[in-house]
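This is run-v3.pdb. It holds PDB, C-alpha atoms.
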ATOM      1  CA  MET O   1      35.619  -7.688  12.522
ATOM      2  CA  GLU O   2      32.956  -9.296  10.363
ATOM      3  CA  HIS O   3      30.016  -7.007   9.573
ATOM      4  CA  PRO O   4      26.756  -8.227  11.162
ATOM      5  CA  ARG O   5      24.362  -9.945   8.844
ATOM      6  CA  TYR O   6      21.145  -8.050   8.233
ATOM      7  CA  ILE O   7      17.877  -8.253   6.320
ATOM      8  CA  THR O   8      15.845  -5.247   5.156
ATOM      9  CA  VAL O   9      12.128  -5.439   4.344
ATOM     10  CA  GLU O  10       9.920  -2.812   2.709
ATOM     11  CA  VAL O  11       6.254  -2.954   3.743
ATOM     12  CA  PRO O  12       3.245  -0.920   2.572
ATOM     13  CA  ALA O  13       0.493   0.862   4.460
ATOM     14  CA  LYS O  14      -3.136  -0.134   4.135
ATOM     15  CA  ILE O  15      -6.392   1.708   3.682
ATOM     16  CA  ASN O  16      -9.905   0.395   4.291
ATOM     17  CA  LEU O  17     -12.281   0.783   1.373
ATOM     18  CA  GLN O  18     -15.109  -0.631   3.471
ATOM     19  CA  LEU O  19     -15.340  -1.130   7.211
ATOM     20  CA  ALA O  20     -18.597  -2.671   8.422
ATOM     21  CA  VAL O  21     -18.745  -2.933  12.211
ATOM     22  CA  GLY O  22     -21.065  -5.475  13.807
ATOM     23  CA  PRO O  23     -21.906  -6.256  17.419
ATOM     24  CA  VAL O  24     -19.403  -6.754  20.212
ATOM     25  CA  ARG O  25     -18.290 -10.369  20.588
ATOM     26  CA  GLU O  26     -17.825 -12.297  23.802
ATOM     27  CA  ASP O  27     -14.072 -11.643  23.650
ATOM     28  CA  GLY O  28     -14.656  -7.876  23.656
ATOM     29  CA  TYR O  29     -13.822  -7.330  20.002
ATOM     30  CA  HIS O  30     -16.324  -6.190  17.396
ATOM     31  CA  GLU O  31     -17.225  -8.484  14.535
ATOM     32  CA  VAL O  32     -16.108  -6.679  11.381
ATOM     33  CA  VAL O  33     -15.986  -7.071   7.651
ATOM     34  CA  THR O  34     -13.460  -4.885   5.902
ATOM     35  CA  VAL O  35     -11.976  -4.516   2.443
ATOM     36  CA  TYR O  36      -8.251  -3.868   2.753
ATOM     37  CA  LEU O  37      -6.051  -2.299   0.104
ATOM     38  CA  ALA O  38      -2.246  -1.988   0.291
ATOM     39  CA  VAL O  39      -0.964   1.380  -0.973
ATOM     40  CA  SER O  40       2.424   2.749  -2.029
ATOM     41  CA  ILE O  41       3.404   4.442   1.211
ATOM     42  CA  VAL O  42       6.036   2.315   2.898
ATOM     43  CA  ASP O  43       8.123   1.766   5.995
ATOM     44  CA  ARG O  44      11.462  -0.004   5.866
ATOM     45  CA  VAL O  45      12.515  -2.330   8.656
ATOM     46  CA  ARG O  46      16.028  -3.730   8.999
ATOM     47  CA  ALA O  47      16.957  -6.575  11.362
ATOM     48  CA  SER O  48      20.578  -7.388  12.157
ATOM     49  CA  THR O  49      22.083 -10.019  14.405
ATOM     50  CA  ALA O  50      22.247  -9.109  18.098
ATOM     51  CA  ASP O  51      22.057 -10.675  21.531
ATOM     52  CA  ALA O  52      18.626  -9.211  22.343
ATOM     53  CA  VAL O  53      15.670  -7.674  20.504
ATOM     54  CA  THR O  54      15.920  -3.870  20.470
ATOM     55  CA  VAL O  55      14.608  -1.142  18.183
ATOM     56  CA  GLU O  56      15.681   2.238  16.867
ATOM     57  CA  VAL O  57      13.268   4.413  14.894
ATOM     58  CA  VAL O  58      14.379   7.014  12.342
ATOM     59  CA  GLY O  59      12.525   9.331  10.008
ATOM     60  CA  PRO O  60      10.337  12.417  10.448
ATOM     61  CA  GLN O  61       7.883  10.678  12.805
ATOM     62  CA  ALA O  62      10.431   8.847  14.944
ATOM     63  CA  ASP O  63       9.539  10.768  18.098
ATOM     64  CA  ARG O  64       5.963   9.457  17.910
ATOM     65  CA  VAL O  65       6.940   5.771  17.883
ATOM     66  CA  PRO O  66       7.905   3.843  21.045
ATOM     67  CA  ALA O  67      11.456   2.507  21.052
ATOM     68  CA  ASP O  68      11.010  -0.054  23.819
ATOM     69  CA  GLY O  69       9.303  -3.388  24.377
ATOM     70  CA  SER O  70       5.883  -1.927  23.598
ATOM     71  CA  ASN O  71       6.869  -1.379  19.958
ATOM     72  CA  LEU O  72       4.855  -3.833  17.866
ATOM     73  CA  ALA O  73       7.879  -4.808  15.775
ATOM     74  CA  VAL O  74       9.786  -5.747  18.948
ATOM     75  CA  ARG O  75       6.801  -7.729  20.180
ATOM     76  CA  ALA O  76       6.627  -9.483  16.798
ATOM     77  CA  ALA O  77      10.293 -10.495  16.867
ATOM     78  CA  ARG O  78      10.055 -11.758  20.434
ATOM     79  CA  LEU O  79       6.882 -13.725  19.725
ATOM     80  CA  LEU O  80       8.470 -15.259  16.616
ATOM     81  CA  ALA O  81      11.484 -16.395  18.655
ATOM     82  CA  GLU O  82       9.189 -17.835  21.321
ATOM     83  CA  ARG O  83       7.044 -19.721  18.803
ATOM     84  CA  ALA O  84      10.147 -21.047  17.015
ATOM     85  CA  GLY O  85      11.735 -22.108  20.304
ATOM     86  CA  VAL O  86      14.889 -20.066  19.807
ATOM     87  CA  SER O  87      16.635 -17.438  21.916
ATOM     88  CA  TYR O  88      18.003 -15.288  19.106
ATOM     89  CA  GLY O  89      18.054 -11.503  19.234
ATOM     90  CA  ALA O  90      17.802  -8.813  16.581
ATOM     91  CA  ARG O  91      18.558  -5.141  16.406
ATOM     92  CA  LEU O  92      15.665  -3.530  14.534
ATOM     93  CA  TRP O  93      15.752  -0.214  12.687
ATOM     94  CA  ILE O  94      12.493   1.284  11.447
ATOM     95  CA  ASP O  95      12.427   4.036   8.834
ATOM     96  CA  LYS O  96       8.973   5.387   9.648
ATOM     97  CA  ARG O  97       7.102   6.926   6.718
ATOM     98  CA  ILE O  98       3.569   5.588   7.192
ATOM     99  CA  PRO O  99       1.545   8.165   9.182
ATOM    100  CA  VAL O 100       1.497   7.278  12.878
ATOM    101  CA  ALA O 101      -1.907   6.625  14.487
ATOM    102  CA  GLY O 102      -3.474   7.461  11.135
ATOM    103  CA  GLY O 103      -5.652   4.395  10.566
ATOM    104  CA  MET O 104      -3.150   3.005   8.025
ATOM    105  CA  ALA O 105      -1.743   0.094  10.070
ATOM    106  CA  GLY O 106       1.765   1.494  10.320
ATOM    107  CA  GLY O 107       2.522  -0.426  13.506
ATOM    108  CA  SER O 108       1.078  -3.608  12.038
ATOM    109  CA  ALA O 109       3.162  -3.096   8.902
ATOM    110  CA  ASP O 110       6.320  -2.840  10.998
ATOM    111  CA  ALA O 111       5.352  -5.997  12.890
ATOM    112  CA  ALA O 112       4.837  -7.845   9.618
ATOM    113  CA  ALA O 113       8.195  -6.646   8.315
ATOM    114  CA  ALA O 114       9.893  -7.707  11.539
ATOM    115  CA  LEU O 115       8.389 -11.195  11.264
ATOM    116  CA  ILE O 116       9.659 -11.584   7.706
ATOM    117  CA  ALA O 117      13.076 -10.066   8.424
ATOM    118  CA  CYS O 118      13.722 -12.163  11.521
ATOM    119  CA  ASN O 119      12.423 -15.310   9.830
ATOM    120  CA  HIS O 120      15.156 -14.792   7.212
ATOM    121  CA  LEU O 121      17.778 -13.527   9.642
ATOM    122  CA  TRP O 122      17.387 -16.519  11.946
ATOM    123  CA  ASP O 123      16.956 -19.047   9.079
ATOM    124  CA  LEU O 124      13.707 -20.327  10.597
ATOM    125  CA  GLY O 125      12.163 -21.310   7.271
ATOM    126  CA  LEU O 126       8.593 -20.564   8.334
ATOM    127  CA  GLY O 127       6.019 -20.211   5.561
ATOM    128  CA  LYS O 128       3.611 -17.310   5.066
ATOM    129  CA  ASP O 129       0.698 -19.206   6.642
ATOM    130  CA  GLU O 130       2.739 -19.769   9.803
ATOM    131  CA  LEU O 131       3.746 -16.107   9.938
ATOM    132  CA  VAL O 132       0.123 -15.039   9.408
ATOM    133  CA  GLU O 133      -0.935 -17.214  12.343
ATOM    134  CA  ILE O 134       1.676 -15.549  14.561
ATOM    135  CA  GLY O 135       0.727 -12.127  13.209
ATOM    136  CA  ALA O 136      -2.917 -12.629  14.158
ATOM    137  CA  GLU O 137      -1.840 -12.883  17.799
ATOM    138  CA  LEU O 138      -0.250  -9.455  17.568
ATOM    139  CA  GLY O 139      -3.102  -7.498  16.001
ATOM    140  CA  SER O 140      -6.040  -7.644  13.630
ATOM    141  CA  ASP O 141      -4.239  -5.850  10.769
ATOM    142  CA  VAL O 142      -0.940  -7.760  10.902
ATOM    143  CA  PRO O 143      -2.106 -10.687   8.727
ATOM    144  CA  PHE O 144      -3.084  -8.317   5.896
ATOM    145  CA  SER O 145       0.183  -6.440   6.296
ATOM    146  CA  LEU O 146       1.898  -9.766   5.557
ATOM    147  CA  LEU O 147      -0.300 -10.343   2.493
ATOM    148  CA  GLY O 148      -0.707  -7.002   0.687
ATOM    149  CA  GLY O 149      -2.759  -6.507  -2.454
ATOM    150  CA  ALA O 150      -6.496  -6.418  -1.779
ATOM    151  CA  ALA O 151      -8.508  -8.659   0.522
ATOM    152  CA  VAL O 152     -11.691  -9.020   2.513
ATOM    153  CA  GLY O 153     -11.050  -9.355   6.237
ATOM    154  CA  THR O 154     -13.564 -10.952   8.583
ATOM    155  CA  GLY O 155     -13.696 -11.824  12.277
ATOM    156  CA  ARG O 156     -11.543  -9.084  13.834
ATOM    157  CA  GLY O 157     -10.190  -8.470  10.332
ATOM    158  CA  GLU O 158      -7.562 -11.201  10.620
ATOM    159  CA  ARG O 159      -9.304 -13.861   8.476
ATOM    160  CA  LEU O 160      -8.497 -12.965   4.886
ATOM    161  CA  ARG O 161      -9.853 -13.683   1.432
ATOM    162  CA  PRO O 162      -7.683 -12.209  -1.344
ATOM    163  CA  LEU O 163      -9.474 -10.141  -3.981
ATOM    164  CA  ASP O 164      -8.779  -9.503  -7.643
ATOM    165  CA  ALA O 165      -8.300  -5.914  -8.793
ATOM    166  CA  GLU O 166      -8.310  -5.101 -12.496
ATOM    167  CA  ARG O 167      -6.251  -1.921 -12.153
ATOM    168  CA  VAL O 168      -4.048   0.050  -9.816
ATOM    169  CA  PHE O 169      -6.093   3.008  -8.599
ATOM    170  CA  THR O 170      -4.829   6.472  -7.708
ATOM    171  CA  TRP O 171      -5.413   7.693  -4.167
ATOM    172  CA  VAL O 172      -4.841  10.929  -2.293
ATOM    173  CA  LEU O 173      -4.283  10.561   1.450
ATOM    174  CA  VAL O 174      -4.667  13.496   3.804
ATOM    175  CA  PRO O 175      -3.215  12.827   7.285
ATOM    176  CA  ALA O 176      -4.536  14.880  10.208
ATOM    177  CA  ASP O 177      -2.684  16.491  13.069
ATOM    178  CA  GLY O 178      -2.543  14.193  16.079
ATOM    179  CA  GLY O 179      -3.967  10.696  16.013
ATOM    180  CA  LEU O 180      -6.990   8.678  17.038
ATOM    181  CA  ALA O 181      -6.660   5.607  19.228
ATOM    182  CA  THR O 182      -8.527   2.672  17.710
ATOM    183  CA  PRO O 183     -10.166   1.545  21.013
ATOM    184  CA  ALA O 184     -11.450   5.086  21.610
ATOM    185  CA  VAL O 185     -13.028   5.241  18.142
ATOM    186  CA  TYR O 186     -14.773   1.879  18.588
ATOM    187  CA  ALA O 187     -16.012   2.980  22.026
ATOM    188  CA  GLU O 188     -17.396   6.180  20.511
ATOM    189  CA  CYS O 189     -19.104   4.149  17.784
ATOM    190  CA  ASP O 190     -20.815   2.097  20.503
ATOM    191  CA  ARG O 191     -21.917   5.272  22.307
ATOM    192  CA  ILE O 192     -23.403   6.737  19.138
ATOM    193  CA  ARG O 193     -25.314   3.540  18.461
ATOM    194  CA  GLU O 194     -26.628   3.456  22.023
ATOM    195  CA  GLU O 195     -27.707   7.112  21.799
ATOM    196  CA  THR O 196     -29.496   6.580  18.493
ATOM    197  CA  GLY O 197     -30.957   3.166  19.306
ATOM    198  CA  VAL O 198     -29.113   1.438  16.465
ATOM    199  CA  VAL O 199     -28.745  -2.320  16.905
ATOM    200  CA  PRO O 200     -25.830  -3.443  14.729
ATOM    201  CA  ALA O 201     -26.519  -6.256  12.303
ATOM    202  CA  PRO O 202     -23.947  -8.892  11.354
ATOM    203  CA  PRO O 203     -21.559  -7.115   8.964
ATOM    204  CA  ARG O 204     -21.394  -8.037   5.287
ATOM    205  CA  ALA O 205     -19.008  -7.230   2.469
ATOM    206  CA  ASP O 206     -20.315  -4.841  -0.169
ATOM    207  CA  GLU O 207     -20.482  -6.894  -3.357
ATOM    208  CA  ASP O 208     -20.787  -3.745  -5.494
ATOM    209  CA  LEU O 209     -17.472  -2.518  -4.114
ATOM    210  CA  ILE O 210     -15.800  -5.885  -4.710
ATOM    211  CA  ALA O 211     -17.171  -5.938  -8.271
ATOM    212  CA  ALA O 212     -15.864  -2.406  -8.889
ATOM    213  CA  LEU O 213     -12.406  -3.507  -7.772
ATOM    214  CA  ALA O 214     -12.520  -6.552 -10.021
ATOM    215  CA  LYS O 215     -13.661  -4.498 -13.035
ATOM    216  CA  GLY O 216     -11.339  -1.552 -12.411
ATOM    217  CA  ASP O 217     -14.336   0.829 -12.319
ATOM    218  CA  ALA O 218     -13.101   3.872 -10.396
ATOM    219  CA  HIS O 219     -16.438   5.702 -10.454
ATOM    220  CA  ALA O 220     -18.349   2.724  -9.042
ATOM    221  CA  LEU O 221     -15.622   2.168  -6.465
ATOM    222  CA  GLY O 222     -15.784   5.790  -5.363
ATOM    223  CA  ARG O 223     -19.536   5.531  -4.819
ATOM    224  CA  ALA O 224     -19.154   2.373  -2.728
ATOM    225  CA  LEU O 225     -16.525   3.569  -0.216
ATOM    226  CA  ALA O 226     -17.963   3.259   3.317
ATOM    227  CA  ASN O 227     -16.818   3.206   6.938
ATOM    228  CA  ASP O 228     -19.084   2.553   9.930
ATOM    229  CA  LEU O 229     -16.459   4.144  12.209
ATOM    230  CA  GLU O 230     -16.516   7.449  10.350
ATOM    231  CA  PRO O 231     -19.232   9.120  12.497
ATOM    232  CA  ALA O 232     -17.243   8.265  15.627
ATOM    233  CA  ALA O 233     -13.995   9.588  14.121
ATOM    234  CA  LEU O 234     -15.775  12.805  13.104
ATOM    235  CA  ARG O 235     -17.158  13.288  16.591
ATOM    236  CA  LEU O 236     -13.716  12.817  18.138
ATOM    237  CA  ASN O 237     -12.023  14.991  15.514
ATOM    238  CA  PRO O 238     -14.611  17.377  13.978
ATOM    239  CA  SER O 239     -12.047  18.944  11.638
ATOM    240  CA  LEU O 240     -12.172  15.772   9.525
ATOM    241  CA  ALA O 241     -15.624  16.779   8.266
ATOM    242  CA  ARG O 242     -14.072  19.797   6.559
ATOM    243  CA  THR O 243     -11.361  17.636   4.996
ATOM    244  CA  LEU O 244     -13.995  15.296   3.554
ATOM    245  CA  ALA O 245     -16.019  18.245   2.261
ATOM    246  CA  THR O 246     -12.908  19.697   0.622
ATOM    247  CA  GLY O 247     -12.391  16.396  -1.197
ATOM    248  CA  ARG O 248     -15.917  16.511  -2.588
ATOM    249  CA  GLU O 249     -15.468  20.144  -3.646
ATOM    250  CA  LEU O 250     -12.214  19.285  -5.423
ATOM    251  CA  GLY O 251     -13.823  16.530  -7.484
ATOM    252  CA  ALA O 252     -12.674  13.332  -5.792
ATOM    253  CA  LEU O 253     -14.622  10.304  -6.988
ATOM    254  CA  GLY O 254     -15.156   9.287  -3.368
ATOM    255  CA  GLY O 255     -13.675   9.793   0.062
ATOM    256  CA  LEU O 256     -13.796   8.439   3.592
ATOM    257  CA  VAL O 257     -11.941   8.250   6.864
ATOM    258  CA  SER O 258      -9.611   5.250   6.648
ATOM    259  CA  GLY O 259     -10.151   2.681   9.391
ATOM    260  CA  SER O 260     -10.261   4.331  12.810
ATOM    261  CA  GLY O 261      -8.765   7.509  11.325
ATOM    262  CA  PRO O 262      -7.814  10.233  11.278
ATOM    263  CA  THR O 263      -6.303   9.905   7.774
ATOM    264  CA  CYS O 264      -8.836  10.734   5.067
ATOM    265  CA  VAL O 265      -8.603   8.864   1.770
ATOM    266  CA  PHE O 266      -9.814  10.091  -1.617
ATOM    267  CA  LEU O 267     -10.078   8.269  -4.940
ATOM    268  CA  ALA O 268      -8.894  10.031  -8.082
ATOM    269  CA  GLU O 269      -9.782   9.385 -11.710
ATOM    270  CA  ASP O 270      -6.152   8.749 -12.691
ATOM    271  CA  SER O 271      -2.612   9.813 -11.815
ATOM    272  CA  HIS O 272      -3.021  13.276 -13.349
ATOM    273  CA  HIS O 273      -6.220  13.859 -11.392
ATOM    274  CA  GLY O 274      -4.480  12.547  -8.285
ATOM    275  CA  ALA O 275      -1.603  14.998  -8.685
ATOM    276  CA  ALA O 276      -4.053  17.865  -9.148
ATOM    277  CA  LEU O 277      -6.009  16.805  -6.072
ATOM    278  CA  SER O 278      -2.827  16.599  -4.004
ATOM    279  CA  GLU O 279      -1.783  20.086  -5.067
ATOM    280  CA  ALA O 280      -5.268  21.475  -4.389
ATOM    281  CA  PHE O 281      -5.415  19.912  -0.924
ATOM    282  CA  THR O 282      -1.988  21.293  -0.071
ATOM    283  CA  ALA O 283      -2.991  24.750  -1.302
ATOM    284  CA  ALA O 284      -6.113  24.509   0.886
ATOM    285  CA  GLY O 285      -3.953  23.848   3.941
ATOM    286  CA  HIS O 286      -4.248  20.047   3.966
ATOM    287  CA  PRO O 287      -0.845  18.531   3.050
ATOM    288  CA  ALA O 288      -1.572  15.416   1.008
ATOM    289  CA  ILE O 289       0.194  12.257  -0.152
ATOM    290  CA  HIS O 290      -0.232  10.929  -3.686
ATOM    291  CA  ALA O 291      -0.340   7.111  -3.641
ATOM    292  CA  ARG O 292      -1.332   4.066  -5.684
ATOM    293  CA  GLY O 293      -2.909   0.766  -4.829
ATOM    294  CA  PRO O 294      -3.312  -2.092  -4.663
ATOM    295  CA  VAL O 295       0.394  -2.873  -4.422
ATOM    296  CA  HIS O 296       2.165  -6.052  -3.383
ATOM    297  CA  GLY O 297       2.921  -6.944   0.217
ATOM    298  CA  PRO O 298       6.253  -6.888   2.063
ATOM    299  CA  VAL O 299       9.412  -7.618   0.097
ATOM    300  CA  VAL O 300      13.025  -8.237   1.093
ATOM    301  CA  ILE O 301      14.960  -5.441  -0.609
ATOM    302  CA  ASP O 302      18.385  -6.056   0.949
ATOM    303  CA  ASP O 303      19.729  -9.372   2.212
ATOM    304  CA  GLY O 304      22.992  -8.025   3.612
ATOM    305  CA  ARG O 305      25.191  -8.904   0.654
ATOM    306  CA  TYR O 306      26.430  -5.303   0.515
ATOM    307  CA  PRO O 307      27.621  -4.705   4.090
ATOM    308  CA  GLY O 308      28.248  -1.200   5.304
ATOM    309  CA  ASP O 309      26.109   0.638   2.732
ATOM    310  CA  ASP O 310      23.682   2.580   4.932
ATOM    311  CA  ARG O 311      23.302   5.606   2.677
ATOM    312  CA  TRP O 312      19.660   4.997   1.830
ATOM    313  CA  PHE O 313      18.502   4.230   5.360
ATOM    314  CA  GLY O 314      16.713   7.082   7.110
ATOM    315  CA  SER O 315      16.707   9.265   3.996
ATOM    316  CA  MET O 316      14.320   7.472   1.642
ATOM    317  CA  ALA O 317      11.607   9.458  -0.107
ATOM    318  CA  LEU O 318       7.991   8.361   0.166
ATOM    319  CA  ALA O 319       8.154   5.307  -2.078
ATOM    320  CA  ASP O 320       6.293   5.787  -5.306
ATOM    321  CA  SER O 321       7.951   2.838  -7.003
ATOM    322  CA  LEU O 322       6.472   0.080  -4.866
ATOM    323  CA  GLY O 323       3.835  -0.907  -7.380
ATOM    324  CA  GLU O 324       6.245  -0.994 -10.309
ATOM    325  CA  ARG O 325       8.638  -3.743  -9.196
TER     326      ARG O 325
END
Written as structure tokens, how would this file's structure read?
Amino acid sequence: MEHPRYITVEVPAKINLQLAVGPVREDGYHEVVTVYLAVSIVDRVRASTADAVTVEVVGPQADRVPADGSNLAVRAARLLAERAGVSYGARLWIDKRIPVAGGMAGGSADAAAALIACNHLWDLGLGKDELVEIGAELGSDVPFSLLGGAAVGTGRGERLRPLDAERVFTWVLVPADGGLATPAVYAECDRIREETGVVPAPPRADEDLIAALAKGDAHALGRALANDLEPAALRLNPSLARTLATGRELGALGGLVSGSGPTCVFLAEDSHHGAALSEAFTAAGHPAIHARGPVHGPVVIDDGRYPGDDRWFGSMALADSLGER
């Protein structure tokens, strides 16, 4: 029997270096401006030929990811087939390494990978712009997950402007126990603003932060990190305040809650400083991940030319080579 054809895509997580949250729009979403950065923590998604779209999740966080039609990768594959006017199926496997519900767009990354994998698997020939348009229907972070690198996101975050970055920075990411639901964090942000009488202004990108990225100035970048959702995340998960304080005490150049949280992100001076920070966080009871970014977006790493070799799948280490290919 002929081995099924498959495509495997590696896709990075994202962090938000800035998240400015404006007023609620008529469609119920908040107007935002955010600076995205892709970092070297990756999921792998494989799609193989099948009669229907299904998913299996492996890895240490598999039990926290839905394996039914609510999975964003399944929704992505089904929407792609609908938009392309085909009735193809795909069996999806997700090797889940990006922290779940951690504000790092792990679900969006898997959706982006599924779009790319199924586009290849089904020989649809759609370009990146067409995939981005489909991705925007699935979620605000999916378009950036298809792009990678660094970018300013506007609207809901789905309208992107790529940014230049002079260097690859070193980051230390500290996931928290449990997760924070993005709608709950936005709702808490609205409550805090109502309590304090704050009227949100139209959000704007921080030009100092963008300039620091372009110049490769880690100290200036660390000073510019900002997240309007951070007070809401701290109220919903007060332990994050201690994590942020620990980062300051350990000498991080800057730190913030990434996106809606609860992952906290810290900027290091260089790789040696990053390794020391990671070790210090772990010793302080906060297991940390050493990462780099910006890195490139999703990439096809296996096009099925070597059928039957599944040894890597489900056993990969946290990828630290993503930015070097």
- Item | Expected selection from the PyMOL selection byres ((chain O and resi 292) around 8), given as a PyMOL selection string | chain O and resi 39-40+168-171+290-291+293-295+320+323
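Closest approach to His120 in chain O among O:Pro23, O:Gly155, O:Gly304, O:Gly261: O:Gly304, based on only C-alpha atoms.
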To verify the selection step, state as a PDB file with C-alpha atoms, in the frame of the given file which residues the PyMOL selection byres ((chain O and resi 264) around 10) yields on this input.
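This went into part.pdb:
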ATOM      1  CA  ILE O  15      -6.392   1.708   3.682  1.00  0.00           C
ATOM      2  CA  GLY O 102      -3.474   7.461  11.135  1.00  0.00           C
ATOM      3  CA  GLY O 103      -5.652   4.395  10.566  1.00  0.00           C
ATOM      4  CA  VAL O 172      -4.841  10.929  -2.293  1.00  0.00           C
ATOM      5  CA  LEU O 173      -4.283  10.561   1.450  1.00  0.00           C
ATOM      6  CA  VAL O 174      -4.667  13.496   3.804  1.00  0.00           C
ATOM      7  CA  PRO O 175      -3.215  12.827   7.285  1.00  0.00           C
ATOM      8  CA  ALA O 176      -4.536  14.880  10.208  1.00  0.00           C
ATOM      9  CA  GLU O 230     -16.516   7.449  10.350  1.00  0.00           C
ATOM     10  CA  LEU O 240     -12.172  15.772   9.525  1.00  0.00           C
ATOM     11  CA  ALA O 241     -15.624  16.779   8.266  1.00  0.00           C
ATOM     12  CA  THR O 243     -11.361  17.636   4.996  1.00  0.00           C
ATOM     13  CA  LEU O 244     -13.995  15.296   3.554  1.00  0.00           C
ATOM     14  CA  GLY O 247     -12.391  16.396  -1.197  1.00  0.00           C
ATOM     15  CA  GLY O 255     -13.675   9.793   0.062  1.00  0.00           C
ATOM     16  CA  LEU O 256     -13.796   8.439   3.592  1.00  0.00           C
ATOM     17  CA  VAL O 257     -11.941   8.250   6.864  1.00  0.00           C
ATOM     18  CA  SER O 258      -9.611   5.250   6.648  1.00  0.00           C
ATOM     19  CA  GLY O 259     -10.151   2.681   9.391  1.00  0.00           C
ATOM     20  CA  GLY O 261      -8.765   7.509  11.325  1.00  0.00           C
ATOM     21  CA  PRO O 262      -7.814  10.233  11.278  1.00  0.00           C
ATOM     22  CA  THR O 263      -6.303   9.905   7.774  1.00  0.00           C
ATOM     23  CA  VAL O 265      -8.603   8.864   1.770  1.00  0.00           C
ATOM     24  CA  PHE O 266      -9.814  10.091  -1.617  1.00  0.00           C
ATOM     25  CA  ALA O 288      -1.572  15.416   1.008  1.00  0.00           C
TER      26      ALA O 288
END
- Message: Residues near range 180-184 of chain O, anyone? I mean within 6 Å using all atoms listed in the file, not counting same-chain ones fewer than 2 positions away, as a PyMOL selection string.
- Response: chain O and resi 186-187+260
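Interatomic distance, CA of Glu56 in chain O against CA of Trp93 in chain O: 4.8 Å.
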- Item | Within 6 Å of file point (10.4, -3.3, 2.5), counting only C-alpha atoms, expressed as a PyMOL selection string | chain O and resi 9-11+44+298-301
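Of the listed residues O:Thr196, O:Thr8, O:Thr34, O:Asn16, the one whose atoms come nearest to Leu160 in chain O is O:Thr34, with distances taken using all atoms listed in the file.
Using all atoms listed in the file, the smallest distance between any of O:Asp43, O:Asp129, O:Glu188, O:Asp27 and Gly106 in chain O comes from O:Asp43.
The residue set within 9 Å of range 116-119 of chain O, counting all atoms listed in the file and dropping same-chain residues fewer than 5 places from it, reads Tyr6, Ile7, Thr8, Val9, Val45, Arg46, Ala47, Ser48, Ala77, Leu80, Ala81, Gly89, Ala90, Ala111, Leu124, Gly125, Leu126, Lys128, Leu131, Leu146, Pro298, Val299 and Val300 of chain O.
One distance worth recording is that between CA of Asp95 in chain O and CA of Val57 in chain O, which is 6.1 Å.
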